[in-house]
Amino acid sequence: MPKLITGGCACGAVRYTCHAEPLAMYNCHCECCQHASGSVCAPILIMAAKAVQITGEPRFSTMSHDSDHPHHGFCHACGSPLFARSQYKEDVLLVKAASLDDSKWFIPVADIWSANALPWAYMNRHIPKVFKTPPVLEKPNAVTT
Ligand SMILES: [Zn+2]
Ligand SMILES: [Zn+2]
């Protein structure tokens, strides 16, 4: 993992820098990630939102597919998929791993939203499957006092 994680869109209008290590790395099979990436799943880094500095203006659109992170951020100019936001946790930002300047070090530790995995999805049998939302993206328990 590089000391400073950097990445951006295809045209360079949106760039980002991550000042911390990812909280988790997954392959996400939710319907939103499939549609937003145009692919079978989206490799994602889950970052503390405050650790990610974005330059340029990604455009977020909210999807109505089954997911805990329906808000997906794209470059306004070239359309590259870059980010996703959780429905429940504002303090995390999902970063699409394929947008990293160097993504060779990325190692997914689980497949998440395997409930939505397409029949033709190739999944690594040696990593765990999380049926839907992983704990790091779960809705925090309501505090009752
Ligand atoms: Zn762009
Ligand atoms: Zn997803």
# chains A, B, ... in the order shown; residues from 1 in each chain; ligands from 1
>>> residues_around(residues="range 79-82 of chain A", least_positions_apart="3", cutoff="9 Å", atoms="only C-alpha atoms", output="MDAnalysis selection string")
chainID A and resid 7:11 14 36:37 58:59 72:76 94:99
>>> residues_around(residues="range 114-129 of chain A", least_positions_apart="2", cutoff="12 Å", atoms="only C-alpha atoms", output="ChimeraX atom specification")
/A:25-34,39-43,65-67,107-112,131-134
>>> residues_around(residues="Glu138 in chain A", least_positions_apart="4", cutoff="12 Å", atoms="only C-alpha atoms", output="compact mmCIF listing (two decimals) with N, CA and C atoms, in the first residue's frame")
# COMPACT_ATOMS: atom_id res chain seq x y z
N SER A 67 -29.32 -1.44 -2.12
CA SER A 67 -27.95 -1.21 -1.65
C SER A 67 -28.00 -0.39 -0.38
N ASP A 68 -26.93 -0.43 0.40
CA ASP A 68 -26.82 0.49 1.54
C ASP A 68 -26.04 1.74 1.16
N HIS A 69 -25.51 1.77 -0.07
CA HIS A 69 -24.77 2.96 -0.54
C HIS A 69 -25.28 3.33 -1.94
N SER A 86 -22.62 6.07 1.73
CA SER A 86 -23.52 5.21 2.48
C SER A 86 -24.82 5.93 2.80
N GLN A 87 -25.87 5.17 2.86
CA GLN A 87 -27.17 5.69 3.24
C GLN A 87 -27.22 5.96 4.75
N TYR A 88 -26.43 5.21 5.51
CA TYR A 88 -26.54 5.24 6.97
C TYR A 88 -25.37 5.94 7.66
N LYS A 89 -24.19 5.91 7.03
CA LYS A 89 -23.01 6.41 7.72
C LYS A 89 -22.33 7.51 6.91
N GLU A 90 -22.48 8.74 7.41
CA GLU A 90 -21.90 9.88 6.70
C GLU A 90 -20.39 9.96 6.88
N ASP A 91 -19.88 9.23 7.88
CA ASP A 91 -18.45 9.35 8.17
C ASP A 91 -17.58 8.42 7.33
N VAL A 92 -18.20 7.70 6.38
CA VAL A 92 -17.37 6.88 5.49
C VAL A 92 -17.63 7.26 4.03
N LYS A 132 -25.29 -9.22 2.58
CA LYS A 132 -25.63 -7.85 2.17
C LYS A 132 -24.62 -6.86 2.75
N THR A 133 -25.07 -6.06 3.74
CA THR A 133 -24.24 -4.98 4.27
C THR A 133 -23.18 -5.49 5.25
N PRO A 134 -21.91 -5.14 5.06
CA PRO A 134 -20.89 -5.51 6.05
C PRO A 134 -20.99 -4.59 7.28
N ALA A 142 -29.51 2.81 17.23
CA ALA A 142 -30.08 4.00 17.86
C ALA A 142 -29.80 3.94 19.36
>>> atom_distance(atom1="CA of Met63 in chain A", atom2="CA of Trp105 in chain A")
29.6 Å
>>> select_by_dssp(residues="chain A", states="helix (DSSP H, G or I)", output="VMD selection string")
chain A and resid 31 to 37 49 to 51 97 to 99 114 to 116 135 to 137
>>> atom_distance(atom1="CA of Lys3 in chain A", atom2="CA of Cys18 in chain A")
9.3 Å
>>> atom_distance(atom1="CA of His71 in chain A", atom2="atom 1 (Zn, counted along the ligand's line) of ligand 2")
9.8 Å
>>> decode(residues="range 12-29 of chain A", atoms="N, CA, C and O atoms", output="CSV table (one decimal), in the first residue's frame")
chain,number,residue,atom,x,y,z
A,12,GLY,N,-8.9,13.7,-15.6
A,12,GLY,CA,-8.1,14.5,-14.6
A,12,GLY,C,-8.9,15.6,-14.0
A,12,GLY,O,-8.3,16.4,-13.2
A,13,ALA,N,-10.2,15.8,-14.3
A,13,ALA,CA,-11.0,16.9,-13.7
A,13,ALA,C,-11.2,16.7,-12.2
A,13,ALA,O,-11.4,17.6,-11.4
A,14,VAL,N,-11.3,15.4,-11.8
A,14,VAL,CA,-11.5,15.1,-10.4
A,14,VAL,C,-10.4,14.2,-9.9
A,14,VAL,O,-10.0,13.2,-10.5
A,15,ARG,N,-9.7,14.7,-8.8
A,15,ARG,CA,-8.6,13.9,-8.2
A,15,ARG,C,-8.9,13.8,-6.7
A,15,ARG,O,-9.6,14.6,-6.1
A,16,TYR,N,-8.3,12.8,-6.1
A,16,TYR,CA,-8.5,12.6,-4.7
A,16,TYR,C,-7.2,12.1,-4.0
A,16,TYR,O,-6.4,11.4,-4.7
A,17,THR,N,-7.0,12.4,-2.8
A,17,THR,CA,-5.9,11.9,-2.0
A,17,THR,C,-6.5,11.4,-0.7
A,17,THR,O,-7.3,12.0,0.0
A,18,CYS,N,-6.0,10.2,-0.3
A,18,CYS,CA,-6.5,9.6,1.0
A,18,CYS,C,-5.3,9.7,2.0
A,18,CYS,O,-4.2,9.2,1.7
A,19,HIS,N,-5.6,10.2,3.2
A,19,HIS,CA,-4.6,10.4,4.2
A,19,HIS,C,-4.6,9.4,5.3
A,19,HIS,O,-4.1,9.6,6.3
A,20,ALA,N,-5.3,8.3,5.0
A,20,ALA,CA,-5.3,7.2,6.0
A,20,ALA,C,-5.4,5.9,5.2
A,20,ALA,O,-5.7,5.8,4.0
A,21,GLU,N,-5.2,4.8,6.0
A,21,GLU,CA,-5.4,3.5,5.3
A,21,GLU,C,-6.9,3.2,5.2
A,21,GLU,O,-7.7,3.7,6.0
A,22,PRO,N,-7.3,2.4,4.3
A,22,PRO,CA,-8.7,2.0,4.2
A,22,PRO,C,-9.2,1.3,5.4
A,22,PRO,O,-8.4,0.5,6.0
A,23,LEU,N,-10.4,1.5,5.8
A,23,LEU,CA,-11.0,0.7,6.9
A,23,LEU,C,-11.3,-0.7,6.4
A,23,LEU,O,-11.3,-1.6,7.2
A,24,ALA,N,-11.6,-0.9,5.1
A,24,ALA,CA,-11.8,-2.2,4.6
A,24,ALA,C,-11.7,-2.2,3.1
A,24,ALA,O,-11.8,-1.1,2.5
A,25,MET,N,-11.5,-3.3,2.5
A,25,MET,CA,-11.4,-3.4,1.0
A,25,MET,C,-12.3,-4.6,0.6
A,25,MET,O,-12.1,-5.7,1.1
A,26,TYR,N,-13.3,-4.4,-0.3
A,26,TYR,CA,-14.2,-5.4,-0.7
A,26,TYR,C,-14.4,-5.4,-2.2
A,26,TYR,O,-14.2,-4.4,-2.9
A,27,ASN,N,-15.0,-6.5,-2.7
A,27,ASN,CA,-15.6,-6.5,-4.0
A,27,ASN,C,-17.1,-6.4,-3.7
A,27,ASN,O,-17.7,-7.3,-3.0
A,28,CYS,N,-17.8,-5.3,-4.2
A,28,CYS,CA,-19.2,-5.1,-3.9
A,28,CYS,C,-20.1,-5.5,-5.1
A,28,CYS,O,-19.9,-5.0,-6.2
A,29,HIS,N,-21.0,-6.4,-4.8
A,29,HIS,CA,-21.9,-6.9,-5.8
A,29,HIS,C,-23.3,-6.3,-5.8
A,29,HIS,O,-24.2,-6.8,-6.3
